[in-house]
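To be precise, the following lines are coords.cif, and they hold mmCIF, C-alpha atoms and all ligand atoms.
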```cif
data_upload
loop_
_atom_site.label_atom_id
_atom_site.label_comp_id
_atom_site.auth_asym_id
_atom_site.auth_seq_id
_atom_site.Cartn_x
_atom_site.Cartn_y
_atom_site.Cartn_z
CA MET A 1 5.38 -25.30 -19.45
CA LYS A 2 7.73 -24.05 -16.78
CA LEU A 3 7.28 -20.59 -15.25
CA ILE A 4 10.40 -19.16 -13.58
CA PRO A 5 11.04 -15.79 -11.94
CA LEU A 6 14.66 -14.84 -12.67
CA PRO A 7 15.84 -12.40 -9.98
CA ALA A 8 17.50 -9.21 -11.29
CA PHE A 9 18.89 -6.10 -9.60
CA THR A 10 17.67 -5.83 -6.00
CA ASP A 11 13.99 -6.79 -6.32
CA ASN A 12 13.05 -7.27 -10.01
CA TYR A 13 11.83 -10.51 -11.49
CA ILE A 14 12.32 -11.30 -15.17
CA TRP A 15 9.65 -13.93 -15.84
CA MET A 16 10.63 -16.83 -18.11
CA LEU A 17 8.21 -19.33 -19.59
CA HIS A 18 9.60 -22.34 -21.44
CA ASP A 19 8.65 -25.79 -22.74
CA GLY A 20 12.09 -27.37 -22.35
CA GLN A 21 13.19 -26.17 -25.80
CA GLN A 22 11.80 -22.71 -26.49
CA ALA A 23 11.42 -19.80 -24.10
CA LEU A 24 9.96 -16.35 -23.77
CA VAL A 25 10.87 -13.70 -21.21
CA VAL A 26 9.08 -10.65 -19.89
CA ASP A 27 10.72 -7.30 -19.05
CA PRO A 28 14.42 -8.21 -19.22
CA GLY A 29 16.01 -5.24 -17.48
CA ASP A 30 19.27 -7.21 -17.57
CA ALA A 31 20.33 -9.69 -20.27
CA GLN A 32 22.75 -11.73 -18.16
CA PRO A 33 20.32 -13.64 -15.90
CA VAL A 34 18.34 -14.58 -19.03
CA LEU A 35 21.43 -15.69 -20.99
CA ASN A 36 22.52 -17.78 -18.00
CA ALA A 37 19.11 -19.45 -17.71
CA LEU A 38 18.94 -20.14 -21.48
CA GLN A 39 22.38 -21.72 -21.46
CA HIS A 40 21.77 -23.69 -18.28
CA ALA A 41 18.60 -25.34 -19.63
CA GLY A 42 19.62 -25.41 -23.30
CA LEU A 43 16.75 -23.16 -24.41
CA GLN A 44 16.16 -21.05 -27.48
CA LEU A 45 14.69 -17.59 -26.78
CA LYS A 46 11.77 -16.94 -29.15
CA ALA A 47 10.09 -13.83 -27.75
CA ILE A 48 10.68 -10.86 -25.46
CA LEU A 49 7.54 -9.26 -24.04
CA VAL A 50 7.87 -5.77 -22.58
CA THR A 51 5.20 -4.06 -20.44
CA HIS A 52 6.52 -0.49 -20.21
CA HIS A 53 9.50 1.73 -20.97
CA HIS A 54 11.34 1.88 -17.60
CA PRO A 55 15.02 0.83 -17.84
CA ASP A 56 14.69 -1.89 -15.18
CA HIS A 57 12.32 -3.61 -17.67
CA THR A 58 14.04 -2.80 -20.99
CA ALA A 59 17.82 -2.41 -20.54
CA GLY A 60 18.56 -6.04 -21.48
CA VAL A 61 16.31 -6.14 -24.57
CA ALA A 62 18.85 -5.10 -27.23
CA ALA A 63 21.57 -7.49 -26.05
CA LEU A 64 19.10 -10.40 -25.86
CA ARG A 65 17.70 -9.70 -29.32
CA GLU A 66 21.21 -9.57 -30.78
CA ALA A 67 22.31 -12.75 -29.00
CA THR A 68 19.20 -14.82 -29.79
CA GLY A 69 17.22 -13.24 -32.66
CA ALA A 70 14.10 -13.26 -30.48
CA THR A 71 11.10 -11.16 -31.58
CA VAL A 72 10.49 -8.16 -29.32
CA TYR A 73 6.96 -7.02 -28.41
CA GLY A 74 6.09 -3.87 -26.49
CA PRO A 75 3.59 -1.08 -25.94
CA GLN A 76 2.29 1.04 -28.81
CA ARG A 77 2.66 4.36 -27.09
CA GLU A 78 6.01 4.36 -25.28
CA ALA A 79 9.63 5.11 -26.21
CA MET A 80 11.16 1.66 -26.67
CA PRO A 81 14.42 0.17 -28.01
CA GLU A 82 13.69 -0.44 -31.73
CA PRO A 83 12.99 -2.63 -33.65
CA LEU A 84 9.95 -4.13 -31.96
CA THR A 85 6.36 -5.16 -32.69
CA ARG A 86 4.12 -2.58 -31.05
CA LEU A 87 0.92 -3.75 -29.39
CA GLY A 88 -2.27 -2.12 -28.08
CA GLN A 89 -5.61 -3.11 -26.58
CA GLY A 90 -7.07 -6.18 -28.31
CA ASP A 91 -3.83 -7.23 -30.03
CA ALA A 92 -2.41 -10.67 -29.33
CA VAL A 93 0.97 -12.39 -29.32
CA SER A 94 1.14 -16.03 -30.37
CA ASN A 95 4.32 -17.79 -29.36
CA LEU A 96 5.36 -21.16 -27.89
CA GLY A 97 1.87 -22.41 -28.81
CA LEU A 98 0.30 -19.86 -26.45
CA ARG A 99 -1.85 -16.84 -27.19
CA PHE A 100 -1.35 -13.72 -25.06
CA GLU A 101 -3.97 -11.00 -25.19
CA VAL A 102 -2.79 -7.44 -24.69
CA ILE A 103 -4.60 -5.34 -22.09
CA GLU A 104 -3.81 -1.62 -21.86
CA VAL A 105 -3.33 -0.71 -18.20
CA PRO A 106 -2.26 2.95 -17.98
CA GLY A 107 -1.35 4.39 -14.59
CA HIS A 108 2.23 3.51 -13.63
CA THR A 109 3.21 4.76 -17.11
CA ALA A 110 0.92 6.24 -19.77
CA GLY A 111 1.23 3.34 -22.23
CA HIS A 112 1.73 0.36 -19.89
CA ILE A 113 0.39 -2.95 -21.21
CA ALA A 114 -0.21 -6.37 -19.61
CA TYR A 115 -0.17 -9.80 -21.27
CA TYR A 116 -2.90 -12.32 -20.42
CA CYS A 117 -2.99 -15.96 -21.52
CA ALA A 118 -6.29 -17.73 -20.80
CA GLU A 119 -4.64 -21.12 -20.50
CA VAL A 120 -1.11 -22.25 -19.71
CA ASP A 121 -1.39 -25.95 -18.82
CA GLY A 122 -5.00 -25.27 -17.79
CA THR A 123 -4.39 -22.13 -15.72
CA PRO A 124 -4.74 -18.46 -16.74
CA LEU A 125 -1.57 -16.38 -16.52
CA LEU A 126 -1.00 -12.62 -16.32
CA PHE A 127 2.23 -10.67 -16.82
CA CYS A 128 1.35 -7.29 -15.34
CA GLY A 129 4.72 -5.49 -15.04
CA ASP A 130 4.52 -2.65 -12.51
CA THR A 131 0.72 -2.27 -12.53
CA LEU A 132 -0.41 -4.84 -9.95
CA PHE A 133 1.87 -6.15 -7.21
CA CYS A 134 1.11 -8.68 -4.51
CA ALA A 135 -0.80 -6.59 -1.93
CA GLY A 136 0.02 -3.37 -3.80
CA CYS A 137 0.09 -1.47 -7.09
CA GLY A 138 2.62 0.59 -9.05
CA ARG A 139 3.32 4.22 -8.33
CA LEU A 140 1.52 6.72 -10.53
CA PHE A 141 4.46 8.19 -12.46
CA GLU A 142 2.55 9.16 -15.61
CA GLY A 143 -1.10 8.21 -15.25
CA SER A 144 -3.96 9.53 -13.10
CA PRO A 145 -5.63 7.78 -10.16
CA ALA A 146 -8.75 7.35 -12.33
CA GLN A 147 -6.68 5.56 -15.01
CA MET A 148 -4.97 3.26 -12.49
CA LEU A 149 -8.25 2.43 -10.77
CA ALA A 150 -9.81 1.53 -14.14
CA SER A 151 -6.74 -0.57 -15.05
CA LEU A 152 -6.88 -2.48 -11.75
CA ASP A 153 -10.65 -2.96 -12.16
CA THR A 154 -9.97 -4.57 -15.55
CA LEU A 155 -7.35 -6.91 -14.10
CA ALA A 156 -9.51 -7.74 -11.06
CA ALA A 157 -12.18 -9.09 -13.43
CA LEU A 158 -9.83 -11.90 -14.58
CA PRO A 159 -10.52 -15.41 -13.23
CA ASP A 160 -9.76 -16.31 -9.57
CA THR A 161 -7.13 -18.84 -10.58
CA THR A 162 -5.13 -16.39 -12.74
CA GLN A 163 -1.46 -16.58 -11.81
CA ILE A 164 -0.24 -13.03 -11.27
CA CYS A 165 3.36 -12.48 -12.40
CA CYS A 166 4.47 -9.11 -11.04
CA ALA A 167 7.82 -7.55 -11.92
CA HIS A 168 9.00 -6.81 -8.37
CA GLU A 169 9.28 -8.61 -5.04
CA TYR A 170 7.61 -5.85 -3.01
CA THR A 171 5.27 -8.18 -1.15
CA LEU A 172 6.45 -7.79 2.47
CA SER A 173 6.53 -3.98 2.43
CA ASN A 174 3.15 -3.93 0.66
CA LEU A 175 1.70 -6.27 3.30
CA LYS A 176 2.92 -3.97 6.07
CA PHE A 177 0.90 -1.13 4.56
CA ALA A 178 -2.10 -3.37 3.78
CA GLY A 179 -2.17 -4.50 7.42
CA THR A 180 -2.28 -0.87 8.54
CA VAL A 181 -5.21 -0.17 6.21
CA GLU A 182 -7.16 -3.32 7.09
CA PRO A 183 -6.01 -4.70 10.48
CA GLY A 184 -9.23 -6.75 10.74
CA ASN A 185 -8.74 -8.65 7.44
CA ALA A 186 -8.11 -12.30 8.44
CA ALA A 187 -7.07 -13.41 4.94
CA LEU A 188 -4.46 -10.64 4.97
CA THR A 189 -3.11 -11.69 8.39
CA ASP A 190 -2.90 -15.32 7.25
CA TYR A 191 -1.13 -14.51 4.01
CA THR A 192 1.32 -12.17 5.77
CA ALA A 193 2.56 -15.13 7.84
CA THR A 194 2.90 -17.23 4.67
CA ALA A 195 4.83 -14.50 2.85
CA HIS A 196 7.24 -13.95 5.75
CA ALA A 197 7.97 -17.71 5.81
CA LEU A 198 8.61 -17.73 2.03
CA ARG A 199 11.01 -14.79 2.21
CA ALA A 200 12.78 -16.23 5.24
CA ALA A 201 13.42 -19.32 3.08
CA GLN A 202 14.59 -17.02 0.21
CA GLN A 203 11.63 -18.10 -1.93
CA PRO A 204 9.68 -15.72 -4.18
CA THR A 205 6.18 -14.81 -2.99
CA LEU A 206 5.11 -14.79 -6.65
CA PRO A 207 3.19 -15.65 -8.68
CA SER A 208 0.18 -14.57 -6.66
CA SER A 209 -3.40 -15.41 -7.67
CA MET A 210 -6.28 -13.08 -8.49
CA LEU A 211 -8.41 -14.63 -5.76
CA ARG A 212 -5.72 -13.83 -3.19
CA GLU A 213 -5.28 -10.28 -4.49
CA ARG A 214 -9.01 -9.58 -4.33
CA ARG A 215 -8.94 -10.73 -0.70
CA ILE A 216 -5.81 -8.91 0.53
CA ASN A 217 -4.79 -6.10 -1.85
CA PRO A 218 -6.06 -2.72 -0.58
CA PHE A 219 -5.79 -1.26 -4.09
CA LEU A 220 -8.29 -3.85 -5.36
CA ARG A 221 -10.41 -3.29 -2.23
CA SER A 222 -10.73 0.50 -2.29
CA ARG A 223 -14.55 0.23 -2.43
CA GLU A 224 -14.72 -1.97 0.70
CA PRO A 225 -16.28 -0.11 3.67
CA ALA A 226 -13.31 -0.93 5.96
CA VAL A 227 -10.83 0.47 3.41
CA ILE A 228 -12.90 3.62 2.78
CA GLU A 229 -13.13 4.23 6.52
CA ALA A 230 -9.36 3.86 6.99
CA VAL A 231 -8.60 6.12 4.01
CA ARG A 232 -10.90 8.82 5.38
CA ARG A 233 -8.88 8.89 8.60
CA PHE A 234 -5.85 9.70 6.42
CA ASP A 235 -7.66 12.17 4.13
CA THR A 236 -11.04 13.41 5.32
CA SER A 237 -11.84 14.89 1.89
CA ALA A 238 -11.85 11.47 0.13
CA ALA A 239 -15.41 10.96 -1.15
CA ASP A 240 -15.99 9.11 -4.43
CA ALA A 241 -14.23 5.93 -5.62
CA VAL A 242 -11.48 7.80 -7.50
CA SER A 243 -10.67 10.20 -4.66
CA VAL A 244 -10.58 7.33 -2.15
CA PHE A 245 -8.21 5.42 -4.47
CA ALA A 246 -6.06 8.56 -4.96
CA ALA A 247 -5.85 9.11 -1.18
CA LEU A 248 -5.00 5.44 -0.62
CA ARG A 249 -2.14 5.67 -3.15
CA GLN A 250 -0.91 8.91 -1.54
CA TRP A 251 -1.03 7.30 1.92
CA LYS A 252 1.12 4.42 0.62
CA ASN A 253 3.60 6.90 -0.92
CA GLU A 254 4.09 8.49 2.51
CA PHE A 255 4.01 5.23 4.50
CA ARG A 256 7.20 3.95 6.17
ZN ZN A 301 8.28 0.66 -13.80
FE FE A 302 9.96 -1.69 -12.36
#
```
Kindly present the structure from the file in structure tokens form.
Ligand code: ZN
Ligand code: FE
Amino acid sequence: MKLIPLPAFTDNYIWMLHDGQQALVVDPGDAQPVLNALQHAGLQLKAILVTHHHPDHTAGVAALREATGATVYGPQREAMPEPLTRLGQGDAVSNLGLRFEVIEVPGHTAGHIAYYCAEVDGTPLLFCGDTLFCAGCGRLFEGSPAQMLASLDTLAALPDTTQICCAHEYTLSNLKFAGTVEPGNAALTDYTATAHALRAAQQPTLPSSMLRERRINPFLRSREPAVIEAVRRFDTSAADAVSVFAALRQWKNEFR
């Protein structure tokens, strides 16, 4: 299997997985990069997986379905371009000989879902849309801090080796904030140097891994004493896990 991030717009990635003949894509906000990739490699598009309703993840769906006849999958509870197969917690998608489990991860949007495959050529794989980013998480447009914290806790329980396929290249700006929250985190300092080198060479920083995210991502580390201490300097009223997470997210929203 080949896993390819197709760049779209300014900082989106449309993830493509293919076996040399058949392909699936995740969150095609634009049809053209996908059509180009299909034609270039001589692939047939079998499935379109959508994580949430935002246009930068859905605007290419209709054109791709019409051009290829691919089956479209998406969240149960969001306004989506019809027709599609709607999925919720515990459902699964079987395509290209792979089985993707659906995990509901509300927070960025109310009905956001993620797709997890326990084994792609021996490695677990997660398509998480705008829920988890390298060193960051999605903005809370529709969900509550408690919902997003629970969603990230669910994802953080996936295996260390899970390849994390996020829908945006936000890594460097996220790392700048993470370094402000946890200046003493050596793994974070190390990875920041790696990420800068990748971007300087115009390479994607993704996929990330769950082990890396647990080590460097402040939004997966909001119960760490160093993170709690930093958050309380920003918002002295932050007390329990949810209010610390909420204050951390608010701090990031205001961070430049
Ligand atoms: Zn979004
Ligand atoms: Fe997005």
Protein and nucleic acid residues within 8 Å of ligand ZN 301 (chain A) (only C-alpha atoms and all ligand atoms) as a PDB file with C-alpha atoms, in the coordinates of the input:
```
ATOM      1  CA  HIS A  52       6.520  -0.490 -20.210  1.00  0.00           C
ATOM      2  CA  HIS A  53       9.500   1.730 -20.970  1.00  0.00           C
ATOM      3  CA  HIS A  54      11.340   1.880 -17.600  1.00  0.00           C
ATOM      4  CA  PRO A  55      15.020   0.830 -17.840  1.00  0.00           C
ATOM      5  CA  ASP A  56      14.690  -1.890 -15.180  1.00  0.00           C
ATOM      6  CA  HIS A  57      12.320  -3.610 -17.670  1.00  0.00           C
ATOM      7  CA  HIS A 108       2.230   3.510 -13.630  1.00  0.00           C
ATOM      8  CA  THR A 109       3.210   4.760 -17.110  1.00  0.00           C
ATOM      9  CA  GLY A 129       4.720  -5.490 -15.040  1.00  0.00           C
ATOM     10  CA  ASP A 130       4.520  -2.650 -12.510  1.00  0.00           C
ATOM     11  CA  GLY A 138       2.620   0.590  -9.050  1.00  0.00           C
TER      12      GLY A 138
END
```
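When all atoms listed in the file are used to compute distances to Ala41 (chain A), the closest of the residues A:Cys137, A:Ala156, A:Val93, A:Met16 turns out to be A:Met16.
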Open item on the list: Using only C-alpha atoms for the distances, tell me which of A:Gly29, A:Gly184, A:Pro106, A:Pro83 is nearest to Pro225 (chain A).
Closed with: A:Gly184
Open item on the list: Just want the 8 Å neighbourhood of Val26 (chain A), counted on all atoms listed in the file, with same-chain residues fewer than 2 positions away dropped. Output as a PyMOL selection string.
Closed with: chain A and resi 14-16+24+28+48-51+127
Task: Polymer residues at most 8 Å from Ile216 (chain A), all atoms listed in the file, same-chain spacing of 6 or more positions, as a list in words - done: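 Those residues are Ala135, Ala178, Asn185, Ala187 and Leu188 of chain A.
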Write the residues of the selection above to a file with C-alpha atoms, as a CSV table (one decimal), keeping the file's coordinate frame.
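Written output follows (out17.csv):
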```csv
chain,number,residue,atom,x,y,z
A,135,ALA,CA,-0.8,-6.6,-1.9
A,178,ALA,CA,-2.1,-3.4,3.8
A,185,ASN,CA,-8.7,-8.6,7.4
A,187,ALA,CA,-7.1,-13.4,4.9
A,188,LEU,CA,-4.5,-10.6,5.0
```
